[in-house]
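File shown: data.cif (mmCIF, C-alpha atoms and all ligand atoms).
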data_query
#
loop_
_atom_site.group_PDB
_atom_site.id
_atom_site.type_symbol
_atom_site.label_atom_id
_atom_site.label_comp_id
_atom_site.auth_asym_id
_atom_site.auth_seq_id
_atom_site.Cartn_x
_atom_site.Cartn_y
_atom_site.Cartn_z
ATOM 1 C CA MET I 1 6.135 -12.171 -4.232
ATOM 2 C CA ALA I 2 8.845 -12.118 -1.589
ATOM 3 C CA LYS I 3 8.862 -9.709 1.335
ATOM 4 C CA ASP I 4 10.152 -6.278 0.372
ATOM 5 C CA VAL I 5 10.506 -2.603 1.266
ATOM 6 C CA ILE I 6 8.185 -0.349 -0.764
ATOM 7 C CA VAL I 7 9.281 3.286 -1.101
ATOM 8 C CA ALA I 8 6.341 5.725 -0.987
ATOM 9 C CA CYS I 9 7.193 8.237 -3.725
ATOM 10 C CA ASP I 10 4.966 11.007 -2.414
ATOM 11 C CA PHE I 11 6.163 13.641 -4.871
ATOM 12 C CA GLY I 12 4.037 16.081 -6.871
ATOM 13 C CA THR I 13 5.796 15.798 -10.226
ATOM 14 C CA ALA I 14 7.363 13.215 -12.517
ATOM 15 C CA GLU I 15 10.536 15.291 -12.588
ATOM 16 C CA GLU I 16 11.062 15.080 -8.824
ATOM 17 C CA THR I 17 10.159 11.395 -8.731
ATOM 18 C CA LEU I 18 12.494 10.388 -11.532
ATOM 19 C CA ALA I 19 15.332 12.506 -10.109
ATOM 20 C CA PHE I 20 14.824 10.699 -6.788
ATOM 21 C CA LEU I 21 14.862 7.266 -8.458
ATOM 22 C CA ASP I 22 17.955 8.215 -10.486
ATOM 23 C CA ARG I 23 19.928 8.249 -7.234
ATOM 24 C CA PHE I 24 19.492 4.483 -6.913
ATOM 25 C CA THR I 25 22.196 3.303 -9.283
ATOM 26 C CA GLY I 26 22.127 -0.449 -9.757
ATOM 27 C CA GLN I 27 19.075 -0.948 -7.485
ATOM 28 C CA LYS I 28 15.399 -0.914 -8.354
ATOM 29 C CA PRO I 29 13.330 -0.266 -5.221
ATOM 30 C CA PHE I 30 9.662 -1.314 -5.195
ATOM 31 C CA VAL I 31 7.830 2.017 -5.626
ATOM 32 C CA LYS I 32 4.458 3.204 -4.298
ATOM 33 C CA ILE I 33 2.660 5.761 -6.463
ATOM 34 C CA GLY I 34 -0.226 7.512 -4.750
ATOM 35 C CA MET I 35 -3.014 9.827 -5.779
ATOM 36 C CA GLU I 36 -0.932 13.018 -5.714
ATOM 37 C CA LEU I 37 1.538 11.855 -8.344
ATOM 38 C CA PHE I 38 -0.935 9.807 -10.394
ATOM 39 C CA TYR I 39 -3.452 12.621 -10.688
ATOM 40 C CA ALA I 40 -0.706 15.097 -11.568
ATOM 41 C CA GLU I 41 1.093 13.020 -14.151
ATOM 42 C CA GLY I 42 -1.393 10.373 -15.272
ATOM 43 C CA PRO I 43 -0.744 6.771 -16.346
ATOM 44 C CA GLN I 44 2.473 7.712 -18.158
ATOM 45 C CA ILE I 45 4.360 7.989 -14.871
ATOM 46 C CA VAL I 46 3.463 4.358 -14.129
ATOM 47 C CA ARG I 47 4.667 3.230 -17.571
ATOM 48 C CA GLU I 48 7.881 5.227 -17.196
ATOM 49 C CA ILE I 49 8.758 3.778 -13.783
ATOM 50 C CA LYS I 50 7.867 0.245 -14.920
ATOM 51 C CA GLN I 51 10.082 0.680 -17.975
ATOM 52 C CA ARG I 52 12.937 1.544 -15.635
ATOM 53 C CA GLY I 53 12.498 -1.869 -14.036
ATOM 54 C CA HIS I 54 10.716 -1.049 -10.752
ATOM 55 C CA LYS I 55 7.770 -2.933 -9.319
ATOM 56 C CA ILE I 56 4.834 -0.627 -8.567
ATOM 57 C CA PHE I 57 2.190 -0.489 -5.867
ATOM 58 C CA LEU I 58 -0.461 1.825 -7.300
ATOM 59 C CA ASP I 59 -2.180 3.217 -4.208
ATOM 60 C CA LEU I 60 -5.386 4.713 -5.627
ATOM 61 C CA LYS I 61 -7.856 3.208 -3.117
ATOM 62 C CA LEU I 62 -10.786 2.641 -5.453
ATOM 63 C CA HIS I 63 -14.338 2.803 -4.034
ATOM 64 C CA ASP I 64 -17.346 2.937 -6.384
ATOM 65 C CA ILE I 65 -20.121 0.705 -7.710
ATOM 66 C CA PRO I 66 -18.896 -2.778 -8.698
ATOM 67 C CA ASN I 67 -19.174 -2.258 -12.463
ATOM 68 C CA THR I 68 -17.181 0.983 -12.377
ATOM 69 C CA VAL I 69 -14.484 -0.508 -10.162
ATOM 70 C CA LYS I 70 -14.249 -3.577 -12.400
ATOM 71 C CA LYS I 71 -13.615 -1.403 -15.455
ATOM 72 C CA ALA I 72 -11.203 0.900 -13.650
ATOM 73 C CA MET I 73 -9.254 -2.130 -12.423
ATOM 74 C CA ARG I 74 -9.064 -3.404 -15.998
ATOM 75 C CA SER I 75 -7.320 -0.144 -16.929
ATOM 76 C CA LEU I 76 -4.899 -0.439 -13.994
ATOM 77 C CA SER I 77 -4.151 -4.046 -14.885
ATOM 78 C CA ARG I 78 -3.164 -2.974 -18.406
ATOM 79 C CA LEU I 79 -0.739 -0.506 -16.833
ATOM 80 C CA ASP I 80 1.097 -3.535 -15.451
ATOM 81 C CA ALA I 81 0.986 -2.418 -11.802
ATOM 82 C CA ASP I 82 2.164 -5.145 -9.393
ATOM 83 C CA ILE I 83 -0.123 -4.238 -6.467
ATOM 84 C CA VAL I 84 -3.329 -2.155 -6.527
ATOM 85 C CA ASN I 85 -5.860 -1.421 -3.800
ATOM 86 C CA LEU I 86 -9.425 -0.477 -2.918
ATOM 87 C CA HIS I 87 -11.587 0.257 0.117
ATOM 88 C CA ALA I 88 -13.023 -2.870 1.741
ATOM 89 C CA ALA I 89 -16.009 -0.654 2.698
ATOM 90 C CA GLY I 90 -17.112 -0.848 -0.947
ATOM 91 C CA SER I 91 -18.617 -4.310 -0.241
ATOM 92 C CA LEU I 92 -17.884 -7.926 -1.126
ATOM 93 C CA ALA I 93 -19.575 -7.411 -4.503
ATOM 94 C CA MET I 94 -17.253 -4.522 -5.320
ATOM 95 C CA MET I 95 -14.164 -6.482 -4.253
ATOM 96 C CA SER I 96 -15.166 -9.503 -6.370
ATOM 97 C CA ALA I 97 -15.838 -7.273 -9.363
ATOM 98 C CA ALA I 98 -12.425 -5.652 -8.891
ATOM 99 C CA LEU I 99 -10.729 -9.055 -9.031
ATOM 100 C CA GLU I 100 -12.567 -9.897 -12.250
ATOM 101 C CA GLY I 101 -11.502 -6.626 -13.810
ATOM 102 C CA LEU I 102 -7.861 -7.169 -12.892
ATOM 103 C CA MET I 103 -7.554 -10.563 -14.600
ATOM 104 C CA ARG I 104 -5.427 -10.303 -17.747
ATOM 105 C CA PRO I 105 -6.071 -12.437 -20.834
ATOM 106 C CA ASP I 106 -3.028 -14.591 -19.927
ATOM 107 C CA GLY I 107 -4.524 -15.369 -16.480
ATOM 108 C CA SER I 108 -2.118 -13.147 -14.530
ATOM 109 C CA ARG I 109 -3.224 -10.153 -12.464
ATOM 110 C CA PRO I 110 -1.782 -7.558 -10.080
ATOM 111 C CA LEU I 111 -2.094 -8.362 -6.384
ATOM 112 C CA LEU I 112 -5.194 -6.720 -4.896
ATOM 113 C CA ILE I 113 -5.207 -5.486 -1.315
ATOM 114 C CA ALA I 114 -7.814 -3.657 0.737
ATOM 115 C CA VAL I 115 -7.787 -0.625 2.987
ATOM 116 C CA THR I 116 -9.894 -1.552 6.035
ATOM 117 C CA GLN I 117 -10.415 1.697 7.955
ATOM 118 C CA LEU I 118 -8.226 4.700 7.244
ATOM 119 C CA THR I 119 -5.846 5.399 10.116
ATOM 120 C CA SER I 120 -7.106 8.981 10.049
ATOM 121 C CA THR I 121 -10.546 7.752 11.180
ATOM 122 C CA ASP I 122 -10.728 7.503 14.957
ATOM 123 C CA GLN I 123 -13.238 5.752 17.188
ATOM 124 C CA THR I 124 -15.334 8.924 17.585
ATOM 125 C CA ALA I 125 -15.634 9.474 13.830
ATOM 126 C CA LEU I 126 -16.411 5.777 13.371
ATOM 127 C CA GLU I 127 -19.354 6.044 15.756
ATOM 128 C CA THR I 128 -20.675 9.555 15.192
ATOM 129 C CA GLU I 129 -20.037 9.992 11.449
ATOM 130 C CA LEU I 130 -19.957 6.499 9.960
ATOM 131 C CA LEU I 131 -22.524 5.236 12.515
ATOM 132 C CA ILE I 132 -20.537 2.046 13.183
ATOM 133 C CA GLU I 133 -20.872 1.350 16.884
ATOM 134 C CA LYS I 134 -18.114 -1.225 17.316
ATOM 135 C CA PRO I 135 -14.533 -1.022 18.561
ATOM 136 C CA MET I 136 -12.132 -0.012 15.772
ATOM 137 C CA ASP I 137 -10.024 -3.181 15.948
ATOM 138 C CA GLU I 138 -13.152 -5.344 15.530
ATOM 139 C CA VAL I 139 -14.164 -3.324 12.484
ATOM 140 C CA VAL I 140 -10.668 -3.562 10.986
ATOM 141 C CA MET I 141 -10.559 -7.352 11.467
ATOM 142 C CA ALA I 142 -14.094 -7.827 10.095
ATOM 143 C CA TYR I 143 -13.186 -5.817 6.976
ATOM 144 C CA ALA I 144 -9.963 -7.835 6.596
ATOM 145 C CA GLU I 145 -12.018 -11.039 6.755
ATOM 146 C CA ASN I 146 -14.391 -9.676 4.114
ATOM 147 C CA ALA I 147 -11.424 -8.935 1.860
ATOM 148 C CA HIS I 148 -10.143 -12.468 2.427
ATOM 149 C CA ARG I 149 -13.576 -13.945 1.704
ATOM 150 C CA ALA I 150 -13.795 -11.959 -1.538
ATOM 151 C CA GLY I 151 -10.517 -13.552 -2.635
ATOM 152 C CA LEU I 152 -8.222 -10.549 -2.213
ATOM 153 C CA ASP I 153 -4.534 -11.016 -1.507
ATOM 154 C CA GLY I 154 -4.196 -8.931 1.638
ATOM 155 C CA VAL I 155 -4.741 -5.643 3.437
ATOM 156 C CA VAL I 156 -2.994 -2.408 4.269
ATOM 157 C CA CYS I 157 -2.568 -2.295 8.048
ATOM 158 C CA SER I 158 -0.230 -1.295 10.847
ATOM 159 C CA PRO I 159 2.670 -3.668 11.565
ATOM 160 C CA LEU I 160 1.090 -3.850 15.038
ATOM 161 C CA GLU I 161 -1.987 -5.500 13.458
ATOM 162 C CA ALA I 162 -0.089 -7.860 11.122
ATOM 163 C CA GLY I 163 -0.067 -10.814 13.544
ATOM 164 C CA LYS I 164 -3.787 -10.583 14.235
ATOM 165 C CA VAL I 165 -4.589 -10.318 10.506
ATOM 166 C CA HIS I 166 -2.484 -13.418 9.811
ATOM 167 C CA ASP I 167 -4.201 -15.274 12.670
ATOM 168 C CA ARG I 168 -7.642 -14.445 11.289
ATOM 169 C CA CYS I 169 -6.999 -14.681 7.553
ATOM 170 C CA GLY I 170 -3.999 -17.015 7.238
ATOM 171 C CA ALA I 171 -0.257 -16.580 7.004
ATOM 172 C CA GLY I 172 -0.441 -16.204 3.218
ATOM 173 C CA PHE I 173 -2.782 -13.187 3.419
ATOM 174 C CA LEU I 174 -0.496 -10.221 2.800
ATOM 175 C CA THR I 175 0.011 -7.423 5.298
ATOM 176 C CA VAL I 176 1.309 -4.263 3.646
ATOM 177 C CA THR I 177 2.286 -1.939 6.441
ATOM 178 C CA PRO I 178 3.010 1.808 6.540
ATOM 179 C CA GLY I 179 3.874 3.574 9.803
ATOM 180 C CA VAL I 180 7.530 2.564 9.850
ATOM 181 C CA ARG I 181 10.275 4.714 11.343
ATOM 182 C CA PHE I 182 13.916 4.240 12.304
ATOM 183 C CA ALA I 183 14.449 3.925 16.056
ATOM 184 C CA GLU I 184 15.850 7.448 16.377
ATOM 185 C CA GLY I 185 13.718 9.004 13.597
ATOM 186 C CA GLU I 186 11.012 11.672 13.545
ATOM 187 C CA LYS I 187 7.504 10.222 13.720
ATOM 188 C CA GLY I 188 5.963 13.058 11.677
ATOM 189 C CA ASP I 189 2.172 12.621 11.617
ATOM 190 C CA GLN I 190 2.348 8.833 12.138
ATOM 191 C CA LYS I 191 1.166 7.876 15.610
ATOM 192 C CA ARG I 192 1.618 4.125 16.056
ATOM 193 C CA VAL I 193 4.979 3.330 14.502
ATOM 194 C CA THR I 194 7.444 0.435 14.492
ATOM 195 C CA THR I 195 11.008 0.109 13.231
ATOM 196 C CA PRO I 196 11.692 -2.036 10.141
ATOM 197 C CA ALA I 197 13.146 -4.749 12.410
ATOM 198 C CA GLU I 198 10.031 -4.727 14.625
ATOM 199 C CA ALA I 199 7.799 -4.901 11.530
ATOM 200 C CA ARG I 200 9.760 -7.958 10.454
ATOM 201 C CA ALA I 201 9.376 -9.600 13.863
ATOM 202 C CA LEU I 202 5.628 -8.841 13.825
ATOM 203 C CA GLY I 203 5.229 -10.624 10.478
ATOM 204 C CA SER I 204 4.697 -7.743 8.011
ATOM 205 C CA ASP I 205 5.017 -8.873 4.405
ATOM 206 C CA TYR I 206 5.807 -5.462 2.916
ATOM 207 C CA ILE I 207 6.723 -2.280 4.704
ATOM 208 C CA VAL I 208 5.788 1.021 3.037
ATOM 209 C CA VAL I 209 8.302 3.711 3.916
ATOM 210 C CA GLY I 210 8.074 7.313 2.737
ATOM 211 C CA ARG I 211 9.699 10.232 4.507
ATOM 212 C CA PRO I 212 12.378 8.287 6.414
ATOM 213 C CA ILE I 213 13.794 7.545 2.931
ATOM 214 C CA THR I 214 12.596 10.402 0.701
ATOM 215 C CA GLN I 215 13.567 13.140 3.183
ATOM 216 C CA ALA I 216 16.838 11.554 4.341
ATOM 217 C CA ALA I 217 20.104 13.345 3.690
ATOM 218 C CA ASP I 218 21.188 10.147 1.927
ATOM 219 C CA PRO I 219 18.031 8.381 0.640
ATOM 220 C CA VAL I 220 19.961 5.468 -0.845
ATOM 221 C CA ALA I 221 21.663 4.724 2.487
ATOM 222 C CA ALA I 222 18.311 5.053 4.304
ATOM 223 C CA TYR I 223 16.705 2.619 1.834
ATOM 224 C CA GLN I 224 19.551 0.146 2.262
ATOM 225 C CA ARG I 225 19.252 0.389 6.030
ATOM 226 C CA CYS I 226 15.512 -0.369 5.776
ATOM 227 C CA VAL I 227 16.180 -3.377 3.575
ATOM 228 C CA LYS I 228 18.861 -4.652 5.934
ATOM 229 C CA GLU I 229 16.683 -4.222 9.042
ATOM 230 C CA PHE I 230 13.529 -5.625 7.425
ATOM 231 C CA LEU I 231 14.915 -8.459 5.330
ATOM 232 C CA GLY I 232 17.882 -9.266 7.550
HETATM 233 O O1 LIG I 301 6.176 9.207 4.910
HETATM 234 P P1 LIG I 301 5.545 7.982 5.506
HETATM 235 O O2 LIG I 301 6.547 6.854 5.773
HETATM 236 O O3 LIG I 301 4.663 8.272 6.685
HETATM 237 O O4 LIG I 301 4.620 7.454 4.319
HETATM 238 C C1 LIG I 301 3.735 6.380 4.471
HETATM 239 C C2 LIG I 301 2.934 6.189 3.216
HETATM 240 O O5 LIG I 301 1.931 5.218 3.459
HETATM 241 C C3 LIG I 301 2.222 7.432 2.722
HETATM 242 O O6 LIG I 301 2.173 7.376 1.279
HETATM 243 C C4 LIG I 301 0.839 7.312 3.318
HETATM 244 O O7 LIG I 301 -0.146 7.941 2.557
HETATM 245 C C5 LIG I 301 0.636 5.801 3.276
HETATM 246 N N1 LIG I 301 -0.326 5.276 4.253
HETATM 247 C C6 LIG I 301 -0.200 5.464 5.634
HETATM 248 N N2 LIG I 301 -1.126 4.952 6.491
HETATM 249 C C7 LIG I 301 -2.155 4.265 6.020
HETATM 250 C C8 LIG I 301 -2.312 4.057 4.653
HETATM 251 C C9 LIG I 301 -1.362 4.589 3.789
HETATM 252 O O8 LIG I 301 0.760 6.081 6.064
HETATM 253 N N3 LIG I 301 -3.014 3.734 6.868
#

Can you give me the file's structure in the form of structure tokens?
Amino acid sequence: MAKDVIVACDFGTAEETLAFLDRFTGQKPFVKIGMELFYAEGPQIVREIKQRGHKIFLDLKLHDIPNTVKKAMRSLSRLDADIVNLHAAGSLAMMSAALEGLMRPDGSRPLLIAVTQLTSTDQTALETELLIEKPMDEVVMAYAENAHRAGLDGVVCSPLEAGKVHDRCGAGFLTVTPGVRFAEGEKGDQKRVTTPAEARALGSDYIVVGRPITQAADPVAAYQRCVKEFLG
């Protein structure tokens, strides 16, 4: 799939989400559906948004025993999501099982990407809670390499890490990058941010943008600005 801007639809209800998407007349942004919306509205919200012609990144971050993840991925594959994800920490066996579960009878499957370490986990938590005594960037790159070895299509990471991930795992290994803000925008709770143009220069394949679009006075204009800055 070509590079694109993915709009994080972090809304609590189908009503709000569909009203938001209704504003985009004649355009069909790539949409990210996360846990909040999926757990509130169930699989029907995915079907509804797909029927409207959007591509969907279903951000449910699966992490369980391989057999359970394989079966859960089979269900997500039937929902016709375009990208799904899991935690690389679930092991190579879990990632391989996930890929098997995603394969459709016609040989197609959604793209599968991995979360390496959550950006909310800092070095202290890594060492004192997860008992991983390595620098965070080494852990992130090792998990990315595991995902690559398991045959996954890419990782979720910061645009600032995209170059390093491509160096280690190949240019074709996708980097899907949140933490994007306009130059003059509010950072919110994101700490290490780049603009869409910087993300492009750093080699991101997809940028995931939430509040700079969803909370903008004119979300359609904000989306178009993102597309223009990121895709040129
Ligand atoms: O509103 P904002 O642009 O910060 O939204 C970014 C989206 O990407 C949110 O849905 C957030 O949960 C997600 N995300 C993130 N950082 C990660 C992984 C996912 O911001 N490391």

*What lies within 12 Å of Glu138 of chain I using all atoms listed in the file, ignoring chain neighbours under 5 positions off, as a list in words?*
Thr116, Gln117, Gln123, Leu126, Ile132, Glu133, Tyr143, Ala144, Glu145, Glu161, Lys164, Val165 and Arg168 of chain I

Given the selection you just returned, output its residues as a file containing C-alpha atoms, formatted as a PDB file, keeping the file's coordinate frame.
ATOM      1  CA  THR I 116      -9.894  -1.552   6.035  1.00  0.00           C
ATOM      2  CA  GLN I 117     -10.415   1.697   7.955  1.00  0.00           C
ATOM      3  CA  GLN I 123     -13.238   5.752  17.188  1.00  0.00           C
ATOM      4  CA  LEU I 126     -16.411   5.777  13.371  1.00  0.00           C
ATOM      5  CA  ILE I 132     -20.537   2.046  13.183  1.00  0.00           C
ATOM      6  CA  GLU I 133     -20.872   1.350  16.884  1.00  0.00           C
ATOM      7  CA  TYR I 143     -13.186  -5.817   6.976  1.00  0.00           C
ATOM      8  CA  ALA I 144      -9.963  -7.835   6.596  1.00  0.00           C
ATOM      9  CA  GLU I 145     -12.018 -11.039   6.755  1.00  0.00           C
ATOM     10  CA  GLU I 161      -1.987  -5.500  13.458  1.00  0.00           C
ATOM     11  CA  LYS I 164      -3.787 -10.583  14.235  1.00  0.00           C
ATOM     12  CA  VAL I 165      -4.589 -10.318  10.506  1.00  0.00           C
ATOM     13  CA  ARG I 168      -7.642 -14.445  11.289  1.00  0.00           C
TER      14      ARG I 168
END

*Resolved residues for the PyMOL selection byres (((chain I and resi 103-115) around 8) and not hetatm) as a ChimeraX atom specification*: /I:61,74,77-78,80-88,99-102,116-118,144,147,152-157,174

_the PyMOL selection byres (((not hetatm)) within 8 of (chain I and resi 301)) applied to the shown file, residues as an MDAnalysis selection string_ = chainID I and resid 8:10 32:34 115 117:120 156:158 177:181 187:190 208:214

*In Å, with one decimal, what is the gap from atom CA of Gln44 of chain I to atom CA of Val7 of chain I?*
18.9 Å

*In Å, with one decimal, what is the gap from atom CA of Val69 of chain I to atom CA of Leu18 of chain I?*
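It comes out at 29.1 Å.
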
*Smallest atom-to-atom distance to Ala201 of chain I: which of I:Phe20, I:Phe230, I:Phe38, I:Phe182, using all atoms listed in the file?*
I:Phe230

Is it possible to get the axis-aligned box enclosing segment 129-145 of chain I (all listed atoms, 4 Å extra per side) as JSON, with centre and edge lengths in Å rounded to one decimal?
{"center_x": -16.2, "center_y": -0.5, "center_z": 12.6, "size_x": 20.6, "size_y": 29.0, "size_z": 20.0}

*One decimal, Å: what's the distance from atom CA of Tyr206 of chain I over to atom CA of Phe173 of chain I, could you say?*
11.6 Å

*Quick one: everything within 7 Å of Ala14 of chain I, counting all atoms listed in the file, minus sequence neighbours fewer than 2 positions away in the same chain. Send it as a PyMOL selection string.*
chain I and resi 16-18+41+45

*What does the PyMOL selection byres (((chain I and resi 198) around 12) and not hetatm) select in this file, as a PyMOL selection string?*
chain I and resi 158-160+162-163+177+179-183+193-197+199-204+207+226+229-232

*Pick from I:Ala216, I:Ala89, I:Gly172, I:Gly42 nearest to Val140 of chain I, counting only C-alpha atoms*: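 Among the listed residues, I:Ala89 lies closest to Val140 of chain I.
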
Compile the contact shell of His54 of chain I as a PDB file with C-alpha atoms, keeping the file's coordinate frame: residues with an atom at most 10 Å away, counting all atoms listed in the file, same-chain residues fewer than 4 positions apart removed.
ATOM      1  CA  LEU I  21      14.862   7.266  -8.458  1.00  0.00           C
ATOM      2  CA  GLN I  27      19.075  -0.948  -7.485  1.00  0.00           C
ATOM      3  CA  LYS I  28      15.399  -0.914  -8.354  1.00  0.00           C
ATOM      4  CA  PRO I  29      13.330  -0.266  -5.221  1.00  0.00           C
ATOM      5  CA  PHE I  30       9.662  -1.314  -5.195  1.00  0.00           C
ATOM      6  CA  VAL I  31       7.830   2.017  -5.626  1.00  0.00           C
ATOM      7  CA  LYS I  32       4.458   3.204  -4.298  1.00  0.00           C
ATOM      8  CA  VAL I  46       3.463   4.358 -14.129  1.00  0.00           C
ATOM      9  CA  GLU I  48       7.881   5.227 -17.196  1.00  0.00           C
ATOM     10  CA  ILE I  49       8.758   3.778 -13.783  1.00  0.00           C
ATOM     11  CA  LYS I  50       7.867   0.245 -14.920  1.00  0.00           C
ATOM     12  CA  ALA I  81       0.986  -2.418 -11.802  1.00  0.00           C
ATOM     13  CA  ASP I  82       2.164  -5.145  -9.393  1.00  0.00           C
TER      14      ASP I  82
END

*Excluding Asp64 of chain I and residues on its chain fewer than 2 positions from it, collect all residues at most 12 Å away from it, counting all atoms listed in the file, and give them as a list in words.*
Lys61, Leu62, Pro66, Asn67, Thr68, Val69, Lys70, Lys71, Ala72, Met73, Leu86, His87, Ala88, Ala89, Gly90, Ser91, Ala93, Met94, Met95, Ala97 and Ala98 of chain I

Residue subset to file, keeping C-alpha atoms, as a PDB file, in the coordinates of the input:
ATOM      1  CA  LYS I  61      -7.856   3.208  -3.117  1.00  0.00           C
ATOM      2  CA  LEU I  62     -10.786   2.641  -5.453  1.00  0.00           C
ATOM      3  CA  PRO I  66     -18.896  -2.778  -8.698  1.00  0.00           C
ATOM      4  CA  ASN I  67     -19.174  -2.258 -12.463  1.00  0.00           C
ATOM      5  CA  THR I  68     -17.181   0.983 -12.377  1.00  0.00           C
ATOM      6  CA  VAL I  69     -14.484  -0.508 -10.162  1.00  0.00           C
ATOM      7  CA  LYS I  70     -14.249  -3.577 -12.400  1.00  0.00           C
ATOM      8  CA  LYS I  71     -13.615  -1.403 -15.455  1.00  0.00           C
ATOM      9  CA  ALA I  72     -11.203   0.900 -13.650  1.00  0.00           C
ATOM     10  CA  MET I  73      -9.254  -2.130 -12.423  1.00  0.00           C
ATOM     11  CA  LEU I  86      -9.425  -0.477  -2.918  1.00  0.00           C
ATOM     12  CA  HIS I  87     -11.587   0.257   0.117  1.00  0.00           C
ATOM     13  CA  ALA I  88     -13.023  -2.870   1.741  1.00  0.00           C
ATOM     14  CA  ALA I  89     -16.009  -0.654   2.698  1.00  0.00           C
ATOM     15  CA  GLY I  90     -17.112  -0.848  -0.947  1.00  0.00           C
ATOM     16  CA  SER I  91     -18.617  -4.310  -0.241  1.00  0.00           C
ATOM     17  CA  ALA I  93     -19.575  -7.411  -4.503  1.00  0.00           C
ATOM     18  CA  MET I  94     -17.253  -4.522  -5.320  1.00  0.00           C
ATOM     19  CA  MET I  95     -14.164  -6.482  -4.253  1.00  0.00           C
ATOM     20  CA  ALA I  97     -15.838  -7.273  -9.363  1.00  0.00           C
ATOM     21  CA  ALA I  98     -12.425  -5.652  -8.891  1.00  0.00           C
TER      22      ALA I  98
END
